[in-house]
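As provided, model-v4.cif (mmCIF, C-alpha atoms) reads as follows.
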data_run
loop_
_atom_site.label_atom_id
_atom_site.label_comp_id
_atom_site.auth_asym_id
_atom_site.auth_seq_id
_atom_site.Cartn_x
_atom_site.Cartn_y
_atom_site.Cartn_z
CA MET P 1014 0.00 0.00 0.00
CA THR P 1015 1.45 3.35 -1.07
CA ASP P 1016 0.72 6.43 1.06
CA THR P 1017 0.19 9.31 -1.34
CA LYS P 1018 -1.29 12.67 -0.46
CA TYR P 1019 -2.34 13.84 -3.94
CA VAL P 1020 -3.32 11.50 -6.75
CA VAL P 1021 -4.04 12.83 -10.24
CA ILE P 1022 -5.77 10.53 -12.73
CA GLY P 1023 -4.83 11.65 -16.24
CA ASP P 1024 -1.75 13.28 -17.72
CA GLY P 1025 -3.36 15.55 -20.28
CA ASN P 1026 -3.02 19.31 -19.99
CA ALA P 1027 -5.40 19.36 -17.02
CA GLY P 1028 -3.65 16.61 -15.08
CA ALA P 1029 -0.07 17.67 -15.79
CA THR P 1030 -0.80 21.32 -15.00
CA ALA P 1031 -2.53 20.27 -11.78
CA ALA P 1032 0.48 18.21 -10.70
CA GLU P 1033 2.84 21.13 -11.39
CA THR P 1034 0.58 23.52 -9.46
CA LEU P 1035 0.33 21.14 -6.51
CA ARG P 1036 4.10 21.01 -6.31
CA GLU P 1037 4.27 24.82 -6.38
CA GLU P 1038 1.64 25.01 -3.64
CA ASP P 1039 3.18 22.31 -1.44
CA GLU P 1040 6.87 21.50 -1.86
CA ASP P 1041 6.69 18.55 0.58
CA ALA P 1042 3.58 16.81 -0.77
CA ASP P 1043 3.55 13.33 -2.26
CA ILE P 1044 2.14 13.65 -5.78
CA LYS P 1045 1.34 10.76 -8.08
CA VAL P 1046 0.05 11.00 -11.66
CA LEU P 1047 -1.57 7.94 -13.25
CA THR P 1048 -2.17 7.68 -17.00
CA ASP P 1049 -3.05 4.85 -19.35
CA GLU P 1050 -0.98 6.48 -22.11
CA SER P 1051 2.48 5.21 -23.01
CA GLU P 1052 4.24 8.59 -23.02
CA PRO P 1053 4.10 11.81 -21.01
CA LEU P 1054 2.19 14.96 -21.92
CA TYR P 1055 2.05 15.97 -25.58
CA ASN P 1056 0.22 18.86 -27.20
CA ARG P 1057 -3.10 17.65 -28.61
CA ILE P 1058 -3.45 20.86 -30.63
CA MET P 1059 -0.29 20.01 -32.55
CA LEU P 1060 -1.54 16.52 -33.43
CA LYS P 1061 -3.47 17.94 -36.39
CA ASN P 1062 -0.23 19.14 -37.94
CA PHE P 1063 1.49 15.85 -37.11
CA MET P 1064 -1.32 13.95 -38.89
CA LYS P 1065 -0.94 16.16 -41.96
CA GLY P 1066 2.77 15.38 -42.03
CA THR P 1067 3.85 19.00 -41.54
CA LEU P 1068 5.19 18.60 -37.98
CA PRO P 1069 7.59 15.91 -36.70
CA LYS P 1070 6.35 13.94 -33.72
CA GLN P 1071 9.04 15.25 -31.36
CA TYR P 1072 7.66 18.78 -31.67
CA THR P 1073 4.35 17.65 -30.17
CA GLN P 1074 6.01 16.64 -26.91
CA VAL P 1075 5.48 18.98 -23.95
CA HIS P 1076 7.07 17.00 -21.09
CA ASP P 1077 9.45 14.07 -20.90
CA GLU P 1078 9.81 11.77 -17.90
CA SER P 1079 12.65 13.85 -16.48
CA TRP P 1080 10.26 16.82 -16.15
CA TYR P 1081 8.29 14.86 -13.55
CA GLU P 1082 11.43 13.56 -11.85
CA ASP P 1083 12.82 17.09 -11.52
CA ARG P 1084 9.64 18.12 -9.67
CA ASP P 1085 9.49 14.97 -7.55
CA ILE P 1086 6.21 13.95 -9.20
CA ASP P 1087 5.69 10.19 -9.48
CA LEU P 1088 4.43 9.47 -13.01
CA GLU P 1089 3.01 6.01 -13.77
CA LEU P 1090 2.55 5.41 -17.51
CA GLU P 1091 0.38 2.66 -19.02
CA THR P 1092 -1.62 2.48 -15.81
CA GLU P 1093 -5.39 2.19 -16.00
CA VAL P 1094 -7.52 3.12 -13.00
CA THR P 1095 -10.27 0.57 -12.46
CA ASP P 1096 -11.90 1.80 -9.25
CA VAL P 1097 -11.96 4.57 -6.69
CA ASP P 1098 -13.14 3.64 -3.18
CA GLU P 1099 -14.37 6.90 -1.68
CA ASP P 1100 -14.84 5.40 1.79
CA SER P 1101 -11.29 4.09 2.17
CA LYS P 1102 -9.90 6.85 -0.10
CA THR P 1103 -7.97 4.48 -2.32
CA VAL P 1104 -7.45 4.21 -6.06
CA GLU P 1105 -7.14 0.74 -7.61
CA THR P 1106 -5.26 0.14 -10.89
CA ASP P 1107 -5.50 -2.61 -13.48
CA ASP P 1108 -2.47 -4.41 -12.04
CA GLY P 1109 -4.03 -4.58 -8.57
CA GLU P 1110 -2.09 -1.70 -7.03
CA GLU P 1111 -3.93 0.26 -4.33
CA ILE P 1112 -2.96 3.88 -3.78
CA ASP P 1113 -4.10 6.02 -0.84
CA TYR P 1114 -5.03 9.64 -1.39
CA GLU P 1115 -6.01 12.58 0.73
CA LYS P 1116 -7.16 14.64 -2.26
CA LEU P 1117 -7.90 13.16 -5.69
CA LEU P 1118 -8.17 14.87 -9.08
CA VAL P 1119 -9.97 13.09 -11.92
CA ALA P 1120 -8.70 14.48 -15.22
CA SER P 1121 -9.23 11.37 -17.31
CA GLY P 1122 -10.98 13.04 -20.25
CA GLY P 1123 -13.00 11.05 -22.74
CA SER P 1124 -12.79 8.41 -25.45
CA PRO P 1125 -14.01 8.74 -29.05
CA ARG P 1126 -17.60 7.69 -29.59
CA ARG P 1127 -17.71 4.79 -32.04
CA LEU P 1128 -20.04 4.32 -34.96
CA PRO P 1129 -22.92 2.08 -33.85
CA PHE P 1130 -22.36 -0.24 -36.81
CA ASP P 1131 -18.59 -0.50 -36.54
CA GLU P 1132 -18.02 -4.23 -36.19
CA GLY P 1133 -14.31 -3.91 -35.53
CA PHE P 1134 -13.26 -2.89 -39.03
CA GLU P 1135 -9.50 -2.38 -39.11
CA ASN P 1136 -9.56 0.66 -41.40
CA ILE P 1137 -11.93 2.78 -39.29
CA GLU P 1138 -9.92 5.41 -37.40
CA TYR P 1139 -10.88 7.33 -34.26
CA MET P 1140 -8.84 10.29 -33.09
CA TRP P 1141 -7.81 11.35 -29.59
CA THR P 1142 -4.44 10.02 -28.44
CA MET P 1143 -0.93 10.19 -29.89
CA ARG P 1144 -1.32 6.53 -30.84
CA ASP P 1145 -4.51 7.41 -32.75
CA ALA P 1146 -2.77 10.30 -34.50
CA SER P 1147 0.12 8.07 -35.57
CA GLU P 1148 -2.27 5.54 -37.06
CA ILE P 1149 -4.24 8.25 -38.87
CA LYS P 1150 -1.04 9.80 -40.22
CA LYS P 1151 -0.02 6.46 -41.77
CA SER P 1152 -3.57 5.86 -43.00
CA ALA P 1153 -3.67 9.29 -44.66
CA GLU P 1154 -0.31 8.72 -46.32
CA ASP P 1155 -1.41 5.33 -47.70
CA ALA P 1156 -5.03 6.05 -48.67
CA ASP P 1157 -6.18 6.88 -52.19
CA LYS P 1158 -9.78 7.43 -51.07
CA ALA P 1159 -11.09 8.27 -47.61
CA VAL P 1160 -14.39 9.06 -45.91
CA VAL P 1161 -14.45 11.36 -42.87
CA ILE P 1162 -17.54 11.46 -40.65
CA GLY P 1163 -18.43 14.21 -38.18
CA GLY P 1164 -19.16 17.87 -38.72
CA GLY P 1165 -17.37 19.35 -35.72
CA LEU P 1166 -14.06 20.89 -34.74
CA LEU P 1167 -12.14 17.60 -34.82
CA GLY P 1168 -13.74 16.39 -38.04
CA ILE P 1169 -12.22 19.28 -39.97
CA ASP P 1170 -8.73 18.25 -38.77
CA LEU P 1171 -9.26 14.71 -40.05
CA ALA P 1172 -10.63 15.83 -43.41
CA VAL P 1173 -7.70 18.18 -44.01
CA ALA P 1174 -5.17 15.54 -42.91
CA TYR P 1175 -6.38 13.13 -45.61
CA ALA P 1176 -6.80 15.77 -48.29
CA GLU P 1177 -3.33 17.23 -47.72
CA ASN P 1178 -1.90 13.75 -48.13
CA ASP P 1179 -3.55 13.65 -51.59
CA ALA P 1180 -6.34 11.23 -50.69
CA GLU P 1181 -9.66 11.70 -52.46
CA THR P 1182 -11.54 12.84 -49.36
CA TYR P 1183 -15.30 12.83 -48.77
CA TYR P 1184 -16.41 14.69 -45.66
CA LEU P 1185 -19.87 13.68 -44.40
CA ILE P 1186 -21.74 16.20 -42.25
CA ARG P 1187 -25.09 15.20 -40.78
CA GLU P 1188 -26.35 18.78 -40.46
CA GLY P 1189 -26.88 21.40 -43.13
CA ASN P 1190 -23.47 22.99 -42.61
CA TRP P 1191 -20.14 22.45 -40.85
CA TRP P 1192 -20.11 23.08 -37.10
CA HIS P 1193 -23.86 23.49 -36.92
CA ARG P 1194 -23.51 24.14 -33.17
CA GLY P 1195 -21.67 27.44 -33.61
CA LEU P 1196 -22.19 28.65 -37.19
CA ASP P 1197 -25.03 29.41 -39.55
CA ALA P 1198 -24.83 28.53 -43.24
CA GLU P 1199 -23.39 31.92 -44.18
CA GLY P 1200 -20.41 31.62 -41.85
CA ALA P 1201 -19.88 27.92 -42.54
CA GLU P 1202 -19.68 28.62 -46.27
CA ILE P 1203 -16.29 30.29 -45.77
CA MET P 1204 -14.84 27.32 -43.91
CA GLN P 1205 -16.36 24.81 -46.31
CA ARG P 1206 -14.96 26.71 -49.29
CA LYS P 1207 -11.52 26.71 -47.67
CA MET P 1208 -11.78 22.95 -47.18
CA GLU P 1209 -12.84 22.45 -50.78
CA GLU P 1210 -9.83 24.47 -51.93
CA LYS P 1211 -7.67 21.84 -50.21
CA GLY P 1212 -9.45 19.04 -52.03
CA VAL P 1213 -12.13 18.03 -49.54
CA GLU P 1214 -15.50 17.11 -51.05
CA ILE P 1215 -18.15 18.10 -48.51
CA LEU P 1216 -21.49 16.31 -48.31
CA THR P 1217 -23.90 18.07 -45.94
CA ASP P 1218 -27.24 16.67 -44.74
CA THR P 1219 -25.60 13.28 -45.15
CA GLU P 1220 -25.04 10.29 -42.88
CA VAL P 1221 -23.56 6.84 -43.33
CA ASP P 1222 -26.33 4.31 -43.66
CA GLU P 1223 -24.30 1.10 -43.86
CA LEU P 1224 -20.71 -0.14 -44.12
CA PHE P 1225 -19.61 -2.92 -46.46
CA SER P 1226 -16.47 -5.04 -46.81
CA HIS P 1227 -15.46 -7.85 -49.10
CA PRO P 1228 -16.61 -11.28 -47.83
CA GLY P 1229 -14.31 -12.61 -45.13
CA GLU P 1230 -12.37 -9.33 -44.82
CA ASP P 1231 -12.37 -6.66 -42.10
CA GLN P 1232 -11.75 -3.56 -44.24
CA VAL P 1233 -14.55 -1.16 -45.16
CA THR P 1234 -14.55 -0.76 -48.94
CA ARG P 1235 -17.96 0.84 -49.53
CA VAL P 1236 -20.43 3.00 -47.61
CA THR P 1237 -24.04 3.70 -48.47
CA LEU P 1238 -25.45 7.09 -47.59
CA SER P 1239 -28.68 8.39 -46.14
CA SER P 1240 -28.87 11.89 -47.56
CA GLU P 1241 -31.20 14.80 -48.14
CA ASN P 1242 -28.51 16.46 -50.25
CA LYS P 1243 -29.87 16.45 -53.79
CA SER P 1244 -26.47 17.28 -55.27
CA ILE P 1245 -25.12 13.82 -54.45
CA ASP P 1246 -24.92 11.58 -57.49
CA GLY P 1247 -25.87 8.15 -56.21
CA ASN P 1248 -26.08 6.93 -52.63
CA SER P 1249 -22.75 5.19 -52.07
CA ILE P 1250 -18.99 5.76 -52.08
CA GLU P 1251 -16.96 2.89 -53.50
CA ASN P 1252 -13.35 1.66 -53.27
CA ILE P 1253 -12.64 3.21 -49.88
CA ASP P 1254 -9.26 2.76 -48.23
CA SER P 1255 -9.98 4.45 -44.90
CA VAL P 1256 -12.83 5.82 -42.78
CA ALA P 1257 -12.10 8.40 -40.04
CA VAL P 1258 -14.74 9.22 -37.44
CA ALA P 1259 -15.20 12.23 -35.11
CA ILE P 1260 -18.73 12.09 -33.72
CA GLY P 1261 -18.07 13.10 -30.14
CA GLN P 1262 -16.69 11.54 -26.98
CA THR P 1263 -17.85 9.49 -24.02
CA PRO P 1264 -16.47 10.31 -20.55
CA ASN P 1265 -13.79 8.14 -18.94
CA ALA P 1266 -15.37 8.28 -15.51
CA ASP P 1267 -17.04 4.93 -14.81
CA PHE P 1268 -14.44 4.08 -12.17
CA VAL P 1269 -15.51 6.85 -9.77
CA ASP P 1270 -18.87 7.11 -8.00
CA VAL P 1271 -19.56 10.84 -7.78
CA GLU P 1272 -22.47 12.86 -9.11
CA LYS P 1273 -22.66 12.92 -12.93
CA ASN P 1274 -24.93 14.44 -15.55
CA ASP P 1275 -27.18 12.53 -17.95
CA HIS P 1276 -24.22 12.03 -20.32
CA GLY P 1277 -21.99 10.47 -17.68
CA MET P 1278 -19.82 13.56 -17.19
CA ILE P 1279 -18.58 14.31 -13.69
CA LYS P 1280 -20.35 17.33 -12.18
CA THR P 1281 -18.52 19.89 -10.07
CA ASP P 1282 -19.24 23.18 -8.38
CA GLU P 1283 -17.59 26.49 -9.26
CA TYR P 1284 -14.47 25.36 -7.33
CA LEU P 1285 -14.20 22.16 -9.44
CA GLN P 1286 -15.09 20.09 -6.38
CA THR P 1287 -17.32 17.05 -6.93
CA SER P 1288 -20.07 15.68 -4.70
CA ASP P 1289 -17.24 14.07 -2.69
CA PRO P 1290 -15.35 16.92 -0.95
CA ASP P 1291 -11.99 15.14 -1.37
CA ILE P 1292 -12.40 14.55 -5.12
CA TYR P 1293 -12.01 17.25 -7.77
CA ALA P 1294 -12.36 17.05 -11.56
CA ALA P 1295 -10.92 19.00 -14.49
CA GLY P 1296 -10.48 18.85 -18.25
CA ASN P 1297 -12.89 18.02 -21.03
CA MET P 1298 -15.88 15.84 -20.21
CA VAL P 1299 -16.40 17.69 -16.91
CA GLU P 1300 -19.55 19.76 -16.27
CA TYR P 1301 -18.85 22.60 -13.86
CA GLU P 1302 -20.97 25.42 -12.47
CA SER P 1303 -19.66 28.49 -14.27
CA PRO P 1304 -19.83 31.78 -12.36
CA VAL P 1305 -19.35 33.57 -15.70
CA PHE P 1306 -22.13 31.88 -17.68
CA GLU P 1307 -24.21 31.22 -14.55
CA ARG P 1308 -25.10 27.68 -15.55
CA PRO P 1309 -23.54 24.20 -15.89
CA THR P 1310 -20.83 24.40 -18.57
CA VAL P 1311 -18.66 21.97 -20.53
CA ASN P 1312 -15.60 23.08 -22.50
CA GLY P 1313 -12.71 21.05 -23.80
CA SER P 1314 -10.06 23.21 -25.44
CA TRP P 1315 -6.37 22.77 -24.61
CA ASP P 1316 -6.01 26.12 -22.79
CA HIS P 1317 -9.26 25.67 -20.93
CA SER P 1318 -8.21 22.24 -19.65
CA GLY P 1319 -4.89 23.60 -18.42
CA GLU P 1320 -6.59 26.44 -16.58
CA MET P 1321 -9.02 23.97 -15.02
CA GLY P 1322 -6.15 21.82 -13.82
CA GLU P 1323 -4.42 24.80 -12.23
CA ALA P 1324 -7.60 26.01 -10.54
CA ALA P 1325 -8.52 22.55 -9.25
CA ALA P 1326 -5.03 22.04 -7.82
CA GLU P 1327 -5.06 25.39 -6.03
CA ASN P 1328 -8.37 24.50 -4.42
CA MET P 1329 -7.16 21.00 -3.52
CA ALA P 1330 -4.26 22.70 -1.73
CA GLY P 1331 -6.66 24.75 0.40
CA ASN P 1332 -7.54 27.84 -1.64
CA GLN P 1333 -11.11 28.76 -2.46
CA GLU P 1334 -11.02 30.32 -5.91
CA GLU P 1335 -13.90 30.17 -8.38
CA PHE P 1336 -13.06 28.94 -11.88
CA THR P 1337 -13.90 31.83 -14.22
CA TYR P 1338 -11.79 31.18 -17.32
CA VAL P 1339 -13.41 31.94 -20.71
CA ASN P 1340 -12.76 29.32 -23.36
CA THR P 1341 -11.06 30.01 -26.73
CA TYR P 1342 -10.74 27.63 -29.67
CA GLY P 1343 -9.03 28.14 -33.03
CA VAL P 1344 -8.65 26.35 -36.36
CA GLY P 1345 -5.40 27.02 -38.18
CA HIS P 1346 -5.46 25.10 -41.47
CA PHE P 1347 -6.40 27.95 -43.77
CA ASP P 1348 -5.45 31.42 -44.97
CA VAL P 1349 -8.23 32.87 -42.80
CA GLN P 1350 -8.19 32.65 -39.02
CA PHE P 1351 -11.08 30.93 -37.24
CA LEU P 1352 -11.62 31.74 -33.58
CA ALA P 1353 -14.44 30.82 -31.20
CA VAL P 1354 -14.69 32.43 -27.75
CA GLY P 1355 -16.91 31.69 -24.77
CA ASP P 1356 -20.32 30.05 -24.97
CA TRP P 1357 -21.62 29.10 -28.43
CA ASN P 1358 -25.20 28.36 -27.35
CA GLY P 1359 -26.66 31.84 -26.95
CA GLU P 1360 -29.02 33.83 -29.14
CA PRO P 1361 -27.01 34.94 -32.21
CA VAL P 1362 -26.56 37.98 -34.36
CA SER P 1363 -24.14 37.74 -37.27
CA ARG P 1364 -22.68 39.52 -40.27
CA LYS P 1365 -20.66 38.46 -43.28
CA TYR P 1366 -18.42 41.40 -44.22
CA ASN P 1367 -16.97 39.92 -47.40
CA GLU P 1368 -16.22 36.50 -48.85
CA ASP P 1369 -13.59 35.74 -46.19
CA GLU P 1370 -14.75 37.74 -43.14
CA TYR P 1371 -17.61 36.86 -40.82
CA ARG P 1372 -18.58 37.40 -37.19
CA ARG P 1373 -21.27 35.81 -35.03
CA LEU P 1374 -21.99 37.12 -31.53
CA LEU P 1375 -24.05 35.20 -29.01
CA PHE P 1376 -26.14 36.67 -26.20
CA ASP P 1377 -27.97 35.55 -23.10
CA GLY P 1378 -30.61 38.24 -22.96
CA ASP P 1379 -28.60 41.42 -23.48
CA ARG P 1380 -25.38 39.94 -22.05
CA LEU P 1381 -22.60 38.93 -24.44
CA VAL P 1382 -21.60 35.30 -23.81
CA GLY P 1383 -19.75 34.18 -26.95
CA ALA P 1384 -18.34 34.97 -30.37
CA VAL P 1385 -17.27 33.14 -33.52
CA MET P 1386 -14.92 35.04 -35.82
CA ILE P 1387 -13.64 34.12 -39.27
CA GLY P 1388 -11.09 36.30 -41.02
CA TYR P 1389 -11.88 39.40 -38.96
CA THR P 1390 -10.74 38.68 -35.38
CA LYS P 1391 -9.98 42.19 -34.13
CA GLY P 1392 -11.14 42.75 -30.56
CA GLN P 1393 -10.86 39.14 -29.43
CA GLU P 1394 -9.29 40.04 -26.06
CA GLU P 1395 -11.89 42.76 -25.48
CA ILE P 1396 -14.62 40.21 -26.19
CA LYS P 1397 -13.19 37.84 -23.58
CA GLU P 1398 -13.16 40.68 -21.04
CA MET P 1399 -16.74 41.65 -21.90
CA ILE P 1400 -17.84 38.05 -21.33
CA GLU P 1401 -15.92 37.72 -18.06
CA GLU P 1402 -17.31 41.03 -16.78
CA LYS P 1403 -20.85 40.15 -17.90
CA GLU P 1404 -21.27 43.34 -19.91
CA ARG P 1405 -24.72 44.06 -21.29
CA PHE P 1406 -25.67 45.68 -24.59
CA GLU P 1407 -29.06 46.96 -25.60
CA ASP P 1408 -27.98 47.34 -29.23
CA ARG P 1409 -26.47 43.93 -30.07
CA LYS P 1410 -25.91 44.65 -33.73
CA ARG P 1411 -23.75 47.63 -32.90
CA LEU P 1412 -21.06 45.15 -31.86
CA LEU P 1413 -21.02 43.83 -35.43
CA GLU P 1414 -19.85 47.19 -36.76
CA LYS P 1415 -16.12 47.20 -37.46
CA GLU P 1416 -15.99 50.80 -36.23
CA PHE P 1417 -16.89 49.51 -32.75
CA TRP P 1418 -13.56 47.64 -32.56
CA GLU P 1419 -11.31 50.25 -34.17
#
In structure tokens, what does this structure look like?
Amino acid sequence: MTDTKYVVIGDGNAGATAAETLREEDEDADIKVLTDESEPLYNRIMLKNFMKGTLPKQYTQVHDESWYEDRDIDLELETEVTDVDEDSKTVETDDGEEIDYEKLLVASGGSPRRLPFDEGFENIEYMWTMRDASEIKKSAEDADKAVVIGGGLLGIDLAVAYAENDAETYYLIREGNWWHRGLDAEGAEIMQRKMEEKGVEILTDTEVDELFSHPGEDQVTRVTLSSENKSIDGNSIENIDSVAVAIGQTPNADFVDVEKNDHGMIKTDEYLQTSDPDIYAAGNMVEYESPVFERPTVNGSWDHSGEMGEAAAENMAGNQEEFTYVNTYGVGHFDVQFLAVGDWNGEPVSRKYNEDEYRRLLFDGDRLVGAVMIGYTKGQEEIKEMIEEKERFEDRKRLLEKEFWE
């Protein structure tokens, strides 16, 4: 039995940042980080460039094992947590090890949601870890024809990775435009055009209906489509080499018995504390009470996860600071910048300034809560401050005028 004061489950940006912060807060503490990955922290944002083949793998690395040793943080790689006993305050791993904790942070993230009719086909790729990215990179390099499924922020990375490796790439989007959650058709048209310029063929209002392989083989070679898109010639794509899927994630949280939402995400308060006062949670797939948005909130960007890890660690060490960070997410594949800030679920007003410039602002009543900017990103820091300070605007459309930000 190992006596450990702080245990962190997960070595993503949330977990690694938390461990570093705990060491800064308490130089004598025992700190253990458990991760099922085979290597220390790497930058998930950079994986999209690694998959495209434009960035060597070593440039995605953030920490090596010596980084943890130098800070007297005990890192256990390839270690899966199977159970947390809240009564005895122990963590159990897949090799039977039991680890005591005084304070526990769950920063275990999520796993890619699989297609319901994936029967274990070997050429269906799901993206989240470095191992996934390495497999997709090889798949993109080898494929002549690929199908990418999922109209969100990760789906665009997969589609561009295949297209930039010269694969004939079909990008299937269930909704009427890319990133239906945050953009209307007018804004999405810019991003879709930029994808098409890279060789991506986009099929909106389209879903996979069925997967087919040759008899006795485990490689998808054909997909049939269920589509309301009248521009599609036929209802199938033939001679496929690879299928890549980005249709969301499921939380990695079954091993801990704390309060969760209907989707299985761990719920926390504004201090990132769970229903168990000695267990905290951070990173994507965590629903926290946001003092800024004044409601339960889920965000999963790299920066946001790091800030969550830092805030959770400070509170584990005895502080009482609310988590008020405002999320930012960017897409960097194109000659126009895409930036999303804050909450993307409010009531929108938008304007397309020209063929490559667009802005969408989102409001809760008369309070600005989010923004999506393409091409024209001036004022992004001011927007974050307005959201954090809960500024209110009677004339919403005035904020769409460029003169407002000059």
Distance table requested - region 1189-1247 of chain P against region 1156-1170 of chain P, cut-off 12 Å, all atoms listed in the file: one row per qualifying residue with the closest atom pair and its distance in Å to one decimal, ordered by chain and rising residue number, as a tab-separated table.
residue	atom	partner	partner_atom	distance
P:Gly1189	CA	P:Gly1164	CA	9.6
P:Asn1190	CA	P:Gly1164	CA	7.7
P:Trp1191	CA	P:Gly1164	CA	5.1
P:Trp1192	CA	P:Gly1165	CA	4.8
P:His1193	CA	P:Gly1164	CA	7.5
P:Arg1194	CA	P:Gly1165	CA	8.2
P:Gly1195	CA	P:Gly1165	CA	9.4
P:Leu1196	CA	P:Gly1165	CA	10.6
P:Ala1201	CA	P:Gly1164	CA	10.8
P:Met1204	CA	P:Ile1169	CA	9.3
P:Gln1205	CA	P:Ile1169	CA	9.4
P:Lys1207	CA	P:Ile1169	CA	10.7
P:Met1208	CA	P:Ile1169	CA	8.1
P:Glu1209	CA	P:Ile1169	CA	11.3
P:Lys1211	CA	P:Ile1169	CA	11.5
P:Gly1212	CA	P:Lys1158	CA	11.7
P:Val1213	CA	P:Ile1169	CA	9.7
P:Glu1214	CA	P:Val1160	CA	9.6
P:Ile1215	CA	P:Val1161	CA	9.5
P:Leu1216	CA	P:Ile1162	CA	9.9
P:Thr1217	CA	P:Gly1164	CA	8.6
P:Asp1218	CA	P:Gly1164	CA	10.1
P:Thr1219	CA	P:Ile1162	CA	9.4
P:Glu1220	CA	P:Ile1162	CA	7.9
P:Val1221	CA	P:Ile1162	CA	8.0
P:Asp1222	CA	P:Ile1162	CA	11.7
P:Leu1224	CA	P:Val1160	CA	11.3
P:Val1233	CA	P:Val1160	CA	10.2
P:Thr1234	CA	P:Lys1158	CA	9.7
P:Arg1235	CA	P:Val1160	CA	9.7
P:Val1236	CA	P:Val1160	CA	8.7
P:Thr1237	CA	P:Val1160	CA	11.3
P:Leu1238	CA	P:Val1160	CA	11.4
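Residues of protein, DNA or RNA having at least one counted atom within 8 Å of (-7.6, 25.4, -34.4), given only C-alpha atoms, are Ile1058, Leu1166, Tyr1342, Gly1343, Val1344, Gly1345, His1346, Phe1351 and Leu1352 of chain P.
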Counting only C-alpha atoms, the residue among P:Ile1044, P:Ile1260, P:Val1119, P:Ala1198 that lies closest to Tyr1019 (chain P) is P:Ile1044
Distance query Ala1031 (chain P) at most 10 Å, all atoms listed in the file, self and fewer than 4 positions along chain excluded, as a PyMOL selection string = chain P and resi 1021+1023-1027+1035-1037+1046+1118+1120+1295+1318-1327+1329
Selected residue of minimal separation from Phe1417 (chain P) among P:Phe1268, P:Glu1082, P:Asn1312, P:Glu1395, counting only C-alpha atoms = P:Glu1395
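Between CA of Lys1045 (chain P) and CA of Glu1110 (chain P) there is a distance of 13.0 Å.
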Pick out the closest residue to Met1278 (chain P) from this set: P:Gly1122, P:Val1094, P:Asp1356, P:Pro1290. Count all atoms listed in the file.
->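 With all atoms listed in the file as the atom set, the closest residue is P:Gly1122.
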Choose the residue, out of P:Glu1210, P:Asp1039, P:Asp1231, P:Asp1179, that has the smallest atom-to-atom separation from Gly1331 (chain P); count all atoms listed in the file.
->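 Smallest distance to Gly1331 (chain P) is found for P:Asp1039.
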Picked residues, the PyMOL selection byres ((chain P and resi 1059) around 12), expected as number ranges by chain | P: 1055-1058, 1060-1075, 1141-1143, 1146, 1170, 1315, 1343-1346
Selected residue of minimal separation from Phe1306 (chain P) among P:Glu1202, P:Glu1402, P:Asp1197, P:Asp1113, counting only C-alpha atoms =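 For Phe1306 (chain P), the nearest of the candidates is P:Glu1402.
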Of the candidates P:Gln1286, P:Ser1079, P:Ser1240, P:Thr1341, which one gets nearest to Tyr1301 (chain P) if we count only C-alpha atoms?
->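 For Tyr1301 (chain P), the nearest of the given residues is P:Gln1286.
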For CA of Tyr1175 (chain P) and CA of Ser1226 (chain P), the interatomic separation in Å (one decimal) | 20.8 Å
Applied to this file, what does the PyMOL selection byres ((chain P and resi 1271) around 9) return in terms of residues, put as a list in words?
->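 When the PyMOL selection byres ((chain P and resi 1271) around 9) is applied, the selected residues are Glu1099, Val1269, Asp1270, Glu1272, Lys1273, Ile1279, Lys1280, Thr1287, Ser1288, Asp1289 and Ile1292 of chain P.
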So which residues touch Lys1410 (chain P) within 8 Å, counting all atoms listed in the file, skipping near sequence neighbours fewer than 3 positions away, as a PyMOL selection string?
-> chain P and resi 1362-1363+1413-1414
Would you translate the PyMOL selection byres ((chain P and resi 1284) around 8) into the concrete set of residues it matches in this file, as number ranges by chain?
-> P: 1281-1283, 1285-1286, 1324-1325, 1328, 1333-1336
Between CA of Val1256 (chain P) and CA of Ile1137 (chain P), measure the distance and give it in Å to one decimal.
->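 Straight-line distance from CA of Val1256 (chain P) to CA of Ile1137 (chain P) works out to 4.7 Å.
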Protein/DNA/RNA residues near (7.6, 8.8, -21.1), cut 10 Å, only C-alpha atoms, as a list in words | Glu1050, Ser1051, Glu1052, Pro1053, Leu1054, Gln1074, His1076, Asp1077, Glu1078, Ser1079, Trp1080, Tyr1081, Leu1088, Glu1089, Leu1090 and Glu1091 of chain P
Find the residues around Asn1340 (chain P) up to 9 Å (only C-alpha atoms counted), leave out those fewer than 5 positions away in its own chain, and share them as a PyMOL selection string.
-> chain P and resi 1312-1314+1316-1317+1353-1356+1397
As JSON, what would the box around region 1205-1209 of chain P look like: edges along x, y and z, 6 Å added on every side, centre and edge lengths in Å to one decimal?
{"center_x": -13.9, "center_y": 24.6, "center_z": -48.5, "size_x": 16.8, "size_y": 16.3, "size_z": 16.5}
